[in-house]
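Q: What follows is entry35.cif; its format and atoms are mmCIF, C-alpha atoms and all ligand atoms.
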```cif
data_work
loop_
_atom_site.label_atom_id
_atom_site.label_comp_id
_atom_site.auth_asym_id
_atom_site.auth_seq_id
_atom_site.Cartn_x
_atom_site.Cartn_y
_atom_site.Cartn_z
CA MET A 1 0.00 0.00 0.00
CA GLY A 2 2.80 2.41 1.00
CA PHE A 3 4.78 1.69 -2.14
CA LEU A 4 1.69 1.95 -4.39
CA SER A 5 0.78 5.27 -2.85
CA ASP A 6 4.42 6.41 -3.34
CA LEU A 7 4.18 5.36 -7.00
CA ARG A 8 1.11 7.53 -7.46
CA VAL A 9 2.88 10.53 -5.91
CA LEU A 10 6.02 9.87 -7.99
CA TYR A 11 3.89 9.75 -11.14
CA HIS A 12 2.44 13.17 -10.27
CA LEU A 13 5.88 14.56 -9.44
CA ALA A 14 7.69 13.22 -12.48
CA PHE A 15 5.24 12.70 -15.35
CA LYS A 16 1.71 14.01 -14.99
CA PRO A 17 1.38 17.22 -17.00
CA VAL A 18 0.26 20.17 -14.87
CA ARG A 19 -2.53 22.04 -16.67
CA GLY A 20 -4.58 25.12 -15.90
CA LYS A 21 -5.29 28.59 -17.20
CA ASP A 22 -4.06 30.31 -14.04
CA HIS A 23 -1.90 29.59 -10.99
CA ALA A 24 -4.82 28.37 -8.82
CA ALA A 25 -5.97 25.92 -11.52
CA ARG A 26 -2.39 24.64 -11.93
CA MET A 27 -2.06 24.05 -8.15
CA GLU A 28 -5.32 22.10 -8.08
CA SER A 29 -4.32 20.15 -11.22
CA PHE A 30 -1.04 19.16 -9.54
CA TYR A 31 -2.47 18.24 -6.14
CA SER A 32 -5.97 16.87 -6.77
CA GLY A 33 -4.80 13.33 -7.59
CA GLN A 34 -2.36 13.08 -4.66
CA ALA A 35 -4.12 14.87 -1.79
CA GLU A 36 -4.70 11.69 0.26
CA ALA A 37 -1.18 10.36 -0.27
CA TYR A 38 0.42 13.79 0.15
CA ASP A 39 1.34 13.76 3.84
CA ASP A 40 3.07 10.41 3.99
CA PHE A 41 5.38 11.05 1.02
CA ARG A 42 6.13 14.67 1.89
CA LYS A 43 7.08 13.69 5.46
CA ARG A 44 10.17 12.06 3.91
CA LEU A 45 10.88 14.85 1.41
CA LEU A 46 10.08 18.12 3.18
CA LYS A 47 12.65 18.34 5.96
CA GLY A 48 13.03 21.00 8.67
CA ARG A 49 9.30 21.58 9.13
CA GLN A 50 9.10 20.26 12.68
CA GLU A 51 12.16 22.29 13.68
CA MET A 52 10.73 25.50 12.19
CA TYR A 53 7.23 25.15 13.69
CA SER A 54 8.64 24.08 17.05
CA ALA A 55 10.90 27.13 17.20
CA ILE A 56 7.91 29.52 17.26
CA HIS A 57 6.32 30.21 20.64
CA PRO A 58 3.29 32.48 20.32
CA SER A 59 1.59 33.69 23.46
CA ALA A 60 -1.93 32.56 24.39
CA GLY A 61 -4.60 34.27 22.30
CA ALA A 62 -2.29 34.75 19.31
CA THR A 63 -3.41 34.55 15.67
CA TRP A 64 -1.36 32.36 13.29
CA VAL A 65 -1.60 32.33 9.49
CA ASP A 66 -0.13 29.31 7.68
CA MET A 67 0.33 30.36 4.04
CA GLY A 68 0.19 27.55 1.46
CA GLY A 69 -0.75 25.34 4.41
CA GLY A 70 -2.13 22.52 2.22
CA THR A 71 -3.48 19.60 4.25
CA GLY A 72 -2.71 21.38 7.54
CA SER A 73 -0.32 18.57 8.49
CA ASN A 74 2.15 21.03 9.98
CA LEU A 75 -0.42 21.99 12.60
CA GLU A 76 0.34 18.61 14.17
CA TYR A 77 3.69 20.10 15.25
CA LEU A 78 1.83 22.65 17.38
CA ALA A 79 -1.14 20.47 18.26
CA ASP A 80 -1.01 20.98 22.05
CA ARG A 81 -0.72 24.76 21.57
CA ILE A 82 -3.64 25.16 19.14
CA PRO A 83 -6.36 25.34 21.81
CA LEU A 84 -4.45 28.25 23.41
CA LEU A 85 -4.46 30.28 20.20
CA ASN A 86 -7.19 32.68 19.17
CA LYS A 87 -7.28 31.60 15.53
CA VAL A 88 -5.27 29.62 12.99
CA TYR A 89 -5.84 30.27 9.27
CA VAL A 90 -4.67 27.61 6.81
CA VAL A 91 -4.54 29.51 3.49
CA ASP A 92 -4.13 27.63 0.22
CA LEU A 93 -5.19 27.66 -3.43
CA SER A 94 -5.77 23.89 -3.68
CA HIS A 95 -9.33 22.96 -2.81
CA SER A 96 -8.44 19.23 -2.54
CA LEU A 97 -5.65 19.79 0.01
CA LEU A 98 -7.85 22.14 2.05
CA GLU A 99 -10.54 19.45 2.25
CA VAL A 100 -7.97 17.24 4.02
CA ALA A 101 -7.13 20.18 6.33
CA LYS A 102 -10.82 20.68 7.20
CA GLN A 103 -11.23 17.00 7.97
CA ARG A 104 -8.12 17.07 10.18
CA ALA A 105 -9.37 20.11 12.12
CA SER A 106 -12.77 18.52 12.65
CA GLU A 107 -11.26 15.16 13.77
CA ARG A 108 -8.91 16.91 16.22
CA GLY A 109 -11.63 19.21 17.55
CA TRP A 110 -9.66 22.31 16.51
CA THR A 111 -12.64 24.67 16.32
CA ASN A 112 -10.38 27.73 15.96
CA VAL A 113 -8.71 26.41 12.77
CA GLU A 114 -10.16 27.78 9.53
CA ALA A 115 -9.21 26.56 6.03
CA ILE A 116 -9.33 29.41 3.53
CA GLU A 117 -9.11 29.08 -0.25
CA ALA A 118 -7.13 32.20 -1.16
CA ASP A 119 -3.91 33.49 -2.66
CA ALA A 120 -1.07 34.05 -0.20
CA THR A 121 0.01 37.20 -2.03
CA ILE A 122 -3.26 39.00 -1.24
CA PHE A 123 -5.08 37.23 1.61
CA GLN A 124 -5.54 39.44 4.68
CA PRO A 125 -7.29 38.06 7.75
CA PRO A 126 -10.48 39.74 8.90
CA GLY A 127 -9.68 41.98 11.85
CA GLY A 128 -6.10 42.77 10.78
CA GLY A 129 -2.86 42.24 12.70
CA VAL A 130 -1.56 38.72 13.30
CA ASP A 131 1.21 37.36 15.51
CA VAL A 132 2.69 34.60 13.34
CA VAL A 133 2.87 33.91 9.59
CA THR A 134 4.44 30.69 8.32
CA PHE A 135 5.35 29.39 4.86
CA SER A 136 6.32 25.72 4.69
CA TYR A 137 7.55 24.72 1.23
CA SER A 138 5.05 27.13 -0.29
CA LEU A 139 7.24 30.14 -1.20
CA THR A 140 8.97 28.11 -3.94
CA MET A 141 5.53 27.43 -5.47
CA ILE A 142 4.34 31.04 -5.36
CA PRO A 143 5.55 32.85 -8.51
CA ASP A 144 5.39 36.29 -6.80
CA TRP A 145 6.99 35.01 -3.60
CA PHE A 146 8.32 38.50 -2.72
CA ALA A 147 4.69 39.76 -2.84
CA ALA A 148 3.75 36.92 -0.46
CA ILE A 149 6.46 37.99 2.02
CA GLU A 150 5.45 41.64 1.70
CA ASN A 151 1.83 40.63 2.30
CA ALA A 152 2.96 38.76 5.44
CA LEU A 153 4.89 41.85 6.58
CA ALA A 154 1.77 43.95 6.07
CA MET A 155 -0.39 41.69 8.27
CA LEU A 156 2.13 41.08 11.08
CA LYS A 157 1.79 43.11 14.27
CA PRO A 158 4.95 44.91 15.44
CA GLY A 159 7.19 42.20 16.93
CA GLY A 160 5.28 39.49 15.02
CA VAL A 161 7.13 36.41 13.82
CA ILE A 162 7.62 34.88 10.38
CA GLY A 163 8.72 31.27 9.84
CA VAL A 164 9.83 29.89 6.48
CA VAL A 165 11.16 26.48 5.50
CA ASP A 166 11.85 25.66 1.85
CA PHE A 167 14.14 24.40 -0.87
CA TYR A 168 16.61 26.94 -2.21
CA ILE A 169 19.94 27.34 -3.93
CA SER A 170 22.70 29.66 -2.83
CA ARG A 171 23.83 32.67 -4.77
CA LYS A 172 27.03 32.12 -6.72
CA TYR A 173 28.72 34.56 -4.35
CA PRO A 174 26.71 34.53 -1.11
CA ARG A 175 27.55 36.97 1.64
CA ASP A 176 29.87 35.86 4.45
CA GLY A 177 28.36 33.27 6.77
CA LEU A 178 26.04 31.71 4.15
CA ARG A 179 26.66 28.41 2.39
CA ARG A 180 27.88 28.40 -1.19
CA HIS A 181 26.54 25.57 -3.38
CA PRO A 182 28.56 24.08 -6.25
CA ASN A 183 27.62 24.97 -9.84
CA PHE A 184 25.98 21.57 -10.37
CA THR A 185 23.66 22.07 -7.37
CA ARG A 186 22.68 25.57 -8.47
CA ALA A 187 21.92 24.38 -12.02
CA PHE A 188 20.38 20.97 -11.33
CA TRP A 189 17.71 21.57 -8.68
CA PRO A 190 15.85 24.43 -10.40
CA LEU A 191 15.69 22.27 -13.54
CA TRP A 192 14.55 19.19 -11.61
CA PHE A 193 11.84 21.02 -9.66
CA SER A 194 10.55 23.15 -12.54
CA ASN A 195 8.48 20.21 -13.83
CA ASP A 196 6.39 20.54 -10.65
CA ASN A 197 6.27 24.34 -10.73
CA VAL A 198 8.61 24.51 -7.75
CA PHE A 199 11.25 27.23 -8.15
CA PRO A 200 14.17 27.07 -5.67
CA SER A 201 15.55 30.57 -5.51
CA PRO A 202 18.93 32.09 -4.52
CA ASP A 203 17.04 35.17 -3.26
CA HIS A 204 14.69 33.93 -0.49
CA VAL A 205 17.42 33.85 2.13
CA PRO A 206 18.87 37.34 1.43
CA PHE A 207 15.33 38.81 1.13
CA LEU A 208 14.26 37.33 4.49
CA HIS A 209 17.42 38.58 6.20
CA ARG A 210 16.84 42.01 4.70
CA HIS A 211 13.28 42.37 6.00
CA PHE A 212 13.34 40.47 9.32
CA GLU A 213 15.64 40.20 12.30
CA PRO A 214 16.71 36.53 12.32
CA LEU A 215 15.97 34.50 15.45
CA HIS A 216 16.91 31.10 13.94
CA PHE A 217 18.45 30.26 10.60
CA GLU A 218 19.74 26.95 9.30
CA GLU A 219 20.90 25.66 5.92
CA ALA A 220 20.95 21.89 5.31
CA LEU A 221 20.63 19.10 2.75
CA ALA A 222 17.77 16.57 2.38
CA LYS A 223 17.62 13.13 0.80
CA VAL A 224 14.98 12.70 -1.90
CA PRO A 225 13.03 9.41 -1.59
CA TYR A 226 14.13 6.83 -4.21
CA ILE A 227 16.89 9.11 -5.59
CA PRO A 228 20.32 7.86 -4.46
CA PHE A 229 23.47 9.90 -3.81
CA ILE A 230 22.22 13.44 -4.36
CA ARG A 231 20.80 15.78 -1.71
CA THR A 232 18.63 18.83 -2.18
CA PRO A 233 19.37 22.03 -0.22
CA TYR A 234 16.78 23.51 2.13
CA TYR A 235 16.77 26.23 4.79
CA TRP A 236 14.59 27.23 7.68
CA PHE A 237 14.29 30.74 9.00
CA VAL A 238 12.43 32.27 11.92
CA GLY A 239 12.54 36.05 12.16
CA LYS A 240 10.91 39.00 13.83
C1 LIG B 301 4.72 21.84 -1.38
S1 LIG B 301 3.13 22.32 -0.81
C2 LIG B 301 3.41 22.56 0.90
C3 LIG B 301 2.18 22.32 1.73
C4 LIG B 301 2.41 22.40 3.24
N1 LIG B 301 2.75 23.73 3.64
C5 LIG B 301 3.44 21.43 3.71
O1 LIG B 301 4.44 21.84 4.31
O2 LIG B 301 3.25 20.21 3.52
C6 LIG B 301 2.93 23.97 -1.44
C7 LIG B 301 1.55 24.52 -1.19
O3 LIG B 301 1.50 25.89 -1.58
C8 LIG B 301 0.23 26.13 -2.14
N2 LIG B 301 0.29 27.35 -2.94
C9 LIG B 301 1.00 27.58 -4.07
N3 LIG B 301 0.82 28.85 -4.50
C10 LIG B 301 -0.02 29.45 -3.60
C11 LIG B 301 -0.56 30.76 -3.49
N4 LIG B 301 -0.27 31.72 -4.36
N5 LIG B 301 -1.38 31.02 -2.44
C12 LIG B 301 -1.68 30.05 -1.53
N6 LIG B 301 -1.18 28.79 -1.59
C13 LIG B 301 -0.36 28.49 -2.61
C14 LIG B 301 -0.04 24.86 -2.95
O4 LIG B 301 -1.39 24.71 -3.30
C15 LIG B 301 0.46 23.81 -1.97
O5 LIG B 301 -0.52 23.39 -1.08
#
```
Take the structure in this file and express it as structure tokens.

A:
Amino acid sequence: MGFLSDLRVLYHLAFKPVRGKDHAARMESFYSGQAEAYDDFRKRLLKGRQEMYSAIHPSAGATWVDMGGGTGSNLEYLADRIPLLNKVYVVDLSHSLLEVAKQRASERGWTNVEAIEADATIFQPPGGGVDVVTFSYSLTMIPDWFAAIENALAMLKPGGVIGVVDFYISRKYPRDGLRRHPNFTRAFWPLWFSNDNVFPSPDHVPFLHRHFEPLHFEEALAKVPYIPFIRTPYYWFVGK
């Protein structure tokens, strides 16, 4: 069962053409056939999520917006804290993934979790200022990712926290203290991921450091299931 479900996800990742007249339709086209199998496979691919979510400690009554939150699986990393929060918005463009998020919230009794079908570059929560905004492996799928970060900045209260975890590549000449990836890494991963409309960027990390005061920042490498030898770079960042 596990292997068959992996095969279905691998088919979607490697072969199934992504169609759609706009970005929302392309997201739904990509995810609709793999929504149920999504969490299990991505647990092995999308590293650093638990570390990033666990590094954020909002006070009781806080509002948290998870942008590109998909099935809401990352809320499991803050499960015991959810009842203490005022509201958690899981914002995504894929209807199929949000259906899984709604089911999860209802099964867990998370009455303050709301799944919202909206674009992360423009969604603003009713009532304004929020305490936390997170992006887990969603910035690389948002073409105007800088607009998504600016939108997060606009909704965060003073002292609010942003958390991002994602694939990336380094700049050819990164500033001191940042990792430098070899030419092969910087050329290969954007090509590999472009089939799935995932765009690892050399600019996320500098942009985040420019706009937020870093509280935690790590760069690392992740194994890709079924692909031997090579590792894909990812980072996680928590800033104020
Ligand atoms: C790789 S998935 C990550 C899902 C989840 N955050 C996780 O860590 O498993 C990327 C998600 O970003 C969503 N997404 C892409 N572009 C978006 C946009 N402009 N606004 C909202 N969500 C978007 C996709 O639909 C998808 O659910």

Q: Residues within 10 Å of range 147-152 of chain A, please, as a list in words. Count all atoms listed in the file; anything in the same chain fewer than 6 positions from it doesn't count.

A: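 Contacts, with the query itself left out: Val65, Met67, Asp119, Ala120, Thr121, Ile122, Phe123, Gln124, Gly129, Val130, Val132, Val133, Thr134, Phe135, Ser138, Leu139, Gly160, Val161, Ile162, Val164, His204, Phe207, Leu208 and His211 of chain A.
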
Q: Between A:Ser32, A:Asn195, A:Ser94, A:Thr63, which one has atoms that come closest to ligand LIG 301 (chain B), using all atoms listed in the file?

A: A:Ser94

Q: Neighbours of Arg171 in chain A within 10 Å (all atoms listed in the file; same-chain residues fewer than 6 positions away dropped), as a PyMOL selection string?

A: chain A and resi 178-183+186+201-203+205-206

Q: Save out the residues we just selected, C-alpha atoms, as a PDB file, in the frame of the given file.

A:
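Full text of again17.pdb as output:
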```pdb
ATOM      1  CA  LEU A 178      26.040  31.710   4.150  1.00  0.00           C
ATOM      2  CA  ARG A 179      26.660  28.410   2.390  1.00  0.00           C
ATOM      3  CA  ARG A 180      27.880  28.400  -1.190  1.00  0.00           C
ATOM      4  CA  HIS A 181      26.540  25.570  -3.380  1.00  0.00           C
ATOM      5  CA  PRO A 182      28.560  24.080  -6.250  1.00  0.00           C
ATOM      6  CA  ASN A 183      27.620  24.970  -9.840  1.00  0.00           C
ATOM      7  CA  ARG A 186      22.680  25.570  -8.470  1.00  0.00           C
ATOM      8  CA  SER A 201      15.550  30.570  -5.510  1.00  0.00           C
ATOM      9  CA  PRO A 202      18.930  32.090  -4.520  1.00  0.00           C
ATOM     10  CA  ASP A 203      17.040  35.170  -3.260  1.00  0.00           C
ATOM     11  CA  VAL A 205      17.420  33.850   2.130  1.00  0.00           C
ATOM     12  CA  PRO A 206      18.870  37.340   1.430  1.00  0.00           C
TER      13      PRO A 206
END
```

Q: Could you list, as number ranges by chain, all protein and nucleic acid residues with an atom at most 9 Å from ligand LIG 301 (chain B), counting only C-alpha atoms and all ligand atoms?

A: A: 23-24, 26-28, 30-31, 38-39, 42-43, 46, 49, 66-74, 90-98, 117-123, 134-145, 148, 165-166, 198

Q: Have a look at CA of Ser106 in chain A and CA of Lys87 in chain A and let me know their distance in Å, one decimal.

A: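 Separating CA of Ser106 in chain A from CA of Lys87 in chain A is a distance of 14.5 Å.
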
Q: For CA of Leu84 in chain A and CA of Val100 in chain A, determine how far apart the two atoms are, in Å to one decimal place.

A: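 Pair CA of Leu84 in chain A / CA of Val100 in chain A returns 22.6 Å.
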
Q: Which one is closest to Ile230 in chain A: A:Trp64, A:Phe188, A:Phe199, A:Phe212? Count all atoms listed in the file.

A: A:Phe188

Q: Distance cut-off 9 Å, centre (16.9, 32.6, 11.0) in file coordinates, counting all atoms listed in the file: which residues qualify? Return them as a PyMOL selection string.

A: chain A and resi 163-164+205+208-209+212-218+235-239

Q: Could you tell me how far CA of Leu78 in chain A sits from CA of Ser54 in chain A, in Å to one decimal place?

A: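 According to the coordinates, CA of Ser54 in chain A and CA of Leu78 in chain A are separated by 7.0 Å.
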
Q: Would you mind listing what lies within 9 Å of Pro83 in chain A as number ranges by chain, with all atoms listed in the file counted and same-chain residues fewer than 5 positions away left out?

A: A: 60, 110-112

Q: A:Asp22, A:Glu219, A:Asp196, A:Glu51: which is nearest Tyr168 in chain A, counting only C-alpha atoms?

A: A:Glu219

Q: Could you work out an axis-aligned bounding box for all listed atoms of range 48-61 of chain A, with 3 Å added on each of the six sides, and give its centre and edge lengths in Å to one decimal, as lines of an AutoDock Vina configuration file?

A:
```
center_x = 4.2
center_y = 27.3
center_z = 16.5
size_x = 23.6
size_y = 20.0
size_z = 21.7
```

Q: Counting all atoms listed in the file, figure out which residue out of A:Ala62, A:Lys223, A:Lys21, A:Ala115 gets nearest to Gln103 in chain A.

A: A:Ala115
